[in-house]
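*Asks:* Structure: entry_29.txt, compact mmCIF, C-alpha atoms.
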# COMPACT_ATOMS: atom_id res chain seq x y z
CA MET A 54 0.00 0.00 0.00
CA ALA A 55 1.43 3.35 -1.04
CA LYS A 56 1.60 6.17 1.39
CA ALA A 57 -0.38 9.24 0.46
CA LYS A 58 1.68 12.36 -0.01
CA LEU A 59 0.87 15.09 2.43
CA ASP A 60 0.98 18.57 1.03
CA PRO A 61 2.44 20.86 3.71
CA LEU A 62 0.75 23.88 2.13
CA ALA A 63 -2.75 22.35 2.06
CA PRO A 64 -5.10 23.75 4.69
CA ALA A 65 -5.93 21.46 7.57
CA ARG A 66 -9.42 20.04 7.31
CA GLY A 67 -11.50 19.64 10.38
CA PRO A 68 -15.01 18.51 11.17
CA VAL A 69 -17.82 20.45 9.56
CA LEU A 70 -20.07 20.43 12.61
CA SER A 71 -17.78 21.14 15.52
CA PRO A 72 -19.34 22.15 18.85
CA ARG A 73 -18.09 25.71 18.37
CA PHE A 74 -19.74 25.94 14.95
CA ILE A 75 -23.04 24.64 16.35
CA VAL A 76 -22.89 27.30 19.09
CA ALA A 77 -22.15 29.94 16.44
CA LEU A 78 -25.12 28.82 14.34
CA VAL A 79 -27.42 28.86 17.38
CA LEU A 80 -26.27 32.38 18.29
CA MET A 81 -26.72 33.69 14.74
CA LEU A 82 -30.12 32.09 14.24
CA GLY A 83 -31.19 33.17 17.73
CA GLY A 84 -30.32 36.79 16.97
CA ILE A 85 -32.20 36.75 13.68
CA ALA A 86 -35.19 35.02 15.27
CA TRP A 87 -35.22 37.52 18.18
CA MET A 88 -35.38 40.50 15.82
CA ALA A 89 -37.91 38.85 13.51
CA TYR A 90 -40.22 37.94 16.40
CA TYR A 91 -39.99 41.45 17.83
CA TYR A 92 -40.63 43.10 14.47
CA VAL A 93 -43.53 40.87 13.42
CA VAL A 94 -45.30 40.03 16.69
CA VAL A 95 -44.38 42.45 19.48
CA ARG A 96 -43.61 45.79 17.81
CA VAL A 97 -46.35 48.35 17.43
CA ASP A 98 -46.45 49.84 13.95
CA PRO A 99 -46.02 53.60 14.46
CA THR A 100 -48.02 54.43 11.32
CA THR A 101 -51.31 52.88 12.50
CA ILE A 102 -53.87 55.11 14.16
CA PRO A 103 -55.09 54.33 16.79
CA ALA A 104 -52.02 52.50 17.99
CA PRO A 105 -52.79 48.88 18.92
CA ASP A 106 -51.55 47.23 22.08
CA PRO A 107 -48.07 45.71 21.81
CA GLY A 108 -47.82 41.95 21.48
CA LYS A 109 -46.69 39.52 24.11
CA PRO A 110 -44.33 38.94 25.95
CA ALA A 111 -44.59 42.23 27.79
CA PHE A 112 -40.89 42.38 28.71
CA MET A 113 -40.00 42.36 25.03
CA ALA A 114 -42.37 45.23 24.34
CA ASP A 115 -40.85 47.16 27.26
CA LEU A 116 -37.37 46.77 25.79
CA GLY A 117 -38.39 48.61 22.62
CA ASN A 118 -35.47 49.25 20.29
CA TRP A 119 -33.12 47.45 22.66
CA ASN A 120 -34.43 44.28 21.04
CA TYR A 121 -32.42 45.17 17.96
CA LEU A 122 -29.27 45.51 20.06
CA ILE A 123 -29.90 42.06 21.52
CA GLY A 124 -30.60 40.54 18.10
CA PHE A 125 -27.67 42.13 16.28
CA GLY A 126 -25.43 41.45 19.29
CA LEU A 127 -26.24 37.73 19.15
CA LEU A 128 -25.72 37.73 15.38
CA PHE A 129 -22.34 39.47 15.63
CA VAL A 130 -21.14 37.28 18.50
CA GLY A 131 -22.17 34.20 16.52
CA LEU A 132 -20.19 35.41 13.51
CA ILE A 133 -17.17 36.17 15.69
CA VAL A 134 -17.34 32.69 17.26
CA SER A 135 -17.51 31.18 13.76
CA ALA A 136 -14.20 32.86 12.84
CA HIS A 137 -12.30 30.32 14.98
CA PRO A 138 -10.16 27.81 13.02
CA SER A 139 -12.18 24.88 14.40
CA THR A 140 -15.18 25.97 12.31
CA PRO A 141 -15.58 25.83 8.51
CA LEU A 142 -15.72 29.64 8.31
CA GLY A 143 -12.50 29.96 10.29
CA ARG A 144 -10.19 28.06 7.96
CA GLY A 145 -9.28 27.98 4.31
CA ARG A 146 -11.65 29.68 1.91
CA GLY A 147 -14.24 30.12 4.64
CA VAL A 148 -12.19 32.97 6.11
CA VAL A 149 -12.28 34.87 2.84
CA VAL A 150 -15.99 34.18 2.40
CA GLY A 151 -16.76 35.35 5.94
CA MET A 152 -14.53 38.41 5.68
CA LEU A 153 -15.77 39.62 2.30
CA GLY A 154 -19.36 38.67 3.14
CA CYS A 155 -19.35 40.77 6.31
CA PHE A 156 -17.64 43.69 4.57
CA LEU A 157 -20.16 43.63 1.73
CA ILE A 158 -23.20 43.23 3.99
CA GLY A 159 -22.01 46.18 6.08
CA LEU A 160 -21.42 48.31 3.00
CA LEU A 161 -24.78 47.38 1.49
CA TRP A 162 -26.55 48.07 4.79
CA ILE A 163 -25.11 51.60 5.00
CA CYS A 164 -25.66 52.31 1.29
CA THR A 165 -29.27 51.09 1.51
CA TYR A 166 -29.85 53.36 4.47
CA TYR A 167 -28.43 56.38 2.68
CA VAL A 168 -30.14 55.73 -0.66
CA PHE A 169 -33.58 55.26 0.89
CA SER A 170 -33.16 57.68 3.82
CA ASN A 171 -35.95 59.96 2.56
CA ASP A 172 -38.57 57.21 2.90
CA LEU A 173 -37.58 54.23 5.04
CA SER A 174 -41.15 53.17 5.80
CA ASN A 175 -41.10 50.22 3.35
CA ILE A 176 -37.82 48.64 4.54
CA PRO A 177 -38.25 46.37 7.58
CA VAL A 178 -35.85 46.82 10.53
CA ILE A 179 -34.01 49.68 8.80
CA ASN A 180 -37.11 51.87 9.25
CA ASP A 181 -37.00 51.46 13.05
CA LEU A 182 -33.28 52.07 13.54
CA GLY A 183 -32.80 55.48 11.92
CA GLN A 184 -29.23 56.71 12.41
CA LYS A 185 -28.39 53.52 14.32
CA ASN A 186 -28.21 51.78 10.92
CA LEU A 187 -24.68 53.16 10.68
CA PHE A 188 -23.73 51.20 13.81
CA VAL A 189 -25.15 48.02 12.25
CA GLY A 190 -23.18 48.50 9.04
CA ILE A 191 -19.98 49.31 10.90
CA GLY A 192 -20.63 46.32 13.18
CA PHE A 193 -20.72 43.99 10.18
CA MET A 194 -17.47 45.50 8.94
CA ALA A 195 -15.88 45.07 12.38
CA VAL A 196 -16.85 41.40 12.34
CA GLY A 197 -15.26 41.22 8.89
CA PHE A 198 -12.01 42.38 10.47
CA THR A 199 -12.16 39.51 12.96
CA PHE A 200 -12.20 37.18 9.97
CA ALA A 201 -9.34 39.17 8.42
CA THR A 202 -7.14 38.40 11.42
CA ARG A 203 -7.52 34.67 10.62
CA TRP A 204 -6.53 35.05 6.97
CA GLU A 205 -3.22 33.45 6.09
The structure in this file should be written as structure tokens.
*Replies:*
Amino acid sequence: MAKAKLDPLAPARGPVLSPRFIVALVLMLGGIAWMAYYYVVVRVDPTTIPAPDPGKPAFMADLGNWNYLIGFGLLFVGLIVSAHPSTPLGRGRGVVVGMLGCFLIGLLWICTYYVFSNDLSNIPVINDLGQKNLFVGIGFMAVGFTFATRWE
């Protein structure tokens, strides 16, 4: 039996579903689900007159726009956790995909906000955040830099 040649320059392959990657996925999906639930179920649409009662749970309605901080925070932390080399996004081509993806999403988020800033009423989530959309775009770019530190 012939020995397989090992290429010293080939990236090390690891498991696709490592525990860290599962935690990262749960954090990212949890952040998206938190914001979606708040926006669809709990949030009161400011354009309706008379204003209806906010949805349940009451604590989520009391948090108001802080729900977006929680949701985007979970999403960003999940992306940062996925930049570790034990995850598919933290090694090989995944680093480039994660880095460029975060940079582009951040740029598109900010450009979308500026292009449609005269009438944001038709764009979900962006319409509630106002000037805080800049923080979201810059946050995506900052997460892109965490991927950039893993690039070899």
*Asks:* Can you tell me, as a ChimeraX atom specification, what residues are no more than 6 Å from Gly159 in chain A when counting only C-alpha atoms, ignoring any on the same chain fewer than 3 positions away?
*Replies:* /A:156,162,190,193-194
*Asks:* Skip Gln184 in chain A itself and residues of its chain fewer than 4 positions away, then list as a compact mmCIF listing (two decimals) with C-alpha atoms, in the frame of the given file all residues within 10 Å of it, counting all atoms listed in the file.
*Replies:*
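Saved the output as selection06.txt:
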# COMPACT_ATOMS: atom_id res chain seq x y z
CA ILE A 163 -25.11 51.60 5.00
CA TYR A 166 -29.85 53.36 4.47
CA TYR A 167 -28.43 56.38 2.68
CA SER A 170 -33.16 57.68 3.82
CA ILE A 179 -34.01 49.68 8.80
CA ASN A 180 -37.11 51.87 9.25
CA PHE A 188 -23.73 51.20 13.81
CA VAL A 189 -25.15 48.02 12.25
*Asks:* Is there a way to get, as a PDB file with C-alpha atoms, keeping the file's coordinate frame, all residues within 9 Å of the point (-23.4, 35.3, 16.4) in file coordinates, counting only C-alpha atoms?
*Replies:*
ATOM      1  CA  VAL A  76     -22.890  27.300  19.090  1.00  0.00           C
ATOM      2  CA  ALA A  77     -22.150  29.940  16.440  1.00  0.00           C
ATOM      3  CA  LEU A  78     -25.120  28.820  14.340  1.00  0.00           C
ATOM      4  CA  VAL A  79     -27.420  28.860  17.380  1.00  0.00           C
ATOM      5  CA  LEU A  80     -26.270  32.380  18.290  1.00  0.00           C
ATOM      6  CA  MET A  81     -26.720  33.690  14.740  1.00  0.00           C
ATOM      7  CA  LEU A  82     -30.120  32.090  14.240  1.00  0.00           C
ATOM      8  CA  GLY A  83     -31.190  33.170  17.730  1.00  0.00           C
ATOM      9  CA  GLY A  84     -30.320  36.790  16.970  1.00  0.00           C
ATOM     10  CA  PHE A 125     -27.670  42.130  16.280  1.00  0.00           C
ATOM     11  CA  GLY A 126     -25.430  41.450  19.290  1.00  0.00           C
ATOM     12  CA  LEU A 127     -26.240  37.730  19.150  1.00  0.00           C
ATOM     13  CA  LEU A 128     -25.720  37.730  15.380  1.00  0.00           C
ATOM     14  CA  PHE A 129     -22.340  39.470  15.630  1.00  0.00           C
ATOM     15  CA  VAL A 130     -21.140  37.280  18.500  1.00  0.00           C
ATOM     16  CA  GLY A 131     -22.170  34.200  16.520  1.00  0.00           C
ATOM     17  CA  LEU A 132     -20.190  35.410  13.510  1.00  0.00           C
ATOM     18  CA  ILE A 133     -17.170  36.170  15.690  1.00  0.00           C
ATOM     19  CA  VAL A 134     -17.340  32.690  17.260  1.00  0.00           C
ATOM     20  CA  SER A 135     -17.510  31.180  13.760  1.00  0.00           C
TER      21      SER A 135
END
*Asks:* In the coordinates of the file, take the point (-9.6, 41.1, 7.8) and a cut-off of 10 Å; then, counting all atoms listed in the file, name each qualifying protein, DNA or RNA residue as JSON, numbers by chain.
*Replies:* {"A": [148, 149, 151, 152, 153, 155, 156, 194, 195, 196, 197, 198, 199, 200, 201, 202, 203, 204]}
*Asks:* Residues within 10 Å of Val69 in chain A, please, as a PyMOL selection string. Count only C-alpha atoms; anything in the same chain fewer than 6 positions from it doesn't count.
*Replies:* chain A and resi 75+139-142
*Asks:* Could those residues be written to a file, using C-alpha atoms, as a short mmCIF file (atom, residue, chain, number, x, y, z; two decimals), in the frame of the given file?
*Replies:*
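Result went into out10.cif, see below:
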data_model
loop_
_atom_site.label_atom_id
_atom_site.label_comp_id
_atom_site.auth_asym_id
_atom_site.auth_seq_id
_atom_site.Cartn_x
_atom_site.Cartn_y
_atom_site.Cartn_z
CA ILE A 75 -23.04 24.64 16.35
CA SER A 139 -12.18 24.88 14.40
CA THR A 140 -15.18 25.97 12.31
CA PRO A 141 -15.58 25.83 8.51
CA LEU A 142 -15.72 29.64 8.31
#
*Asks:* Rounded to one decimal place, report the CA of Lys109 in chain A-CA of Val95 in chain A distance in Å.
*Replies:* 5.9 Å
*Asks:* Take CA of Phe74 in chain A and CA of Ala136 in chain A and report the distance between them in Å, one decimal.
*Replies:*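 If I compute the distance from CA of Phe74 in chain A to CA of Ala136 in chain A, I get 9.1 Å.
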*Asks:* Could you tell me how far CA of Ala114 in chain A lies from CA of Asp181 in chain A, in Å and to one decimal?
*Replies:*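 Interatomic distance here is 14.0 Å.
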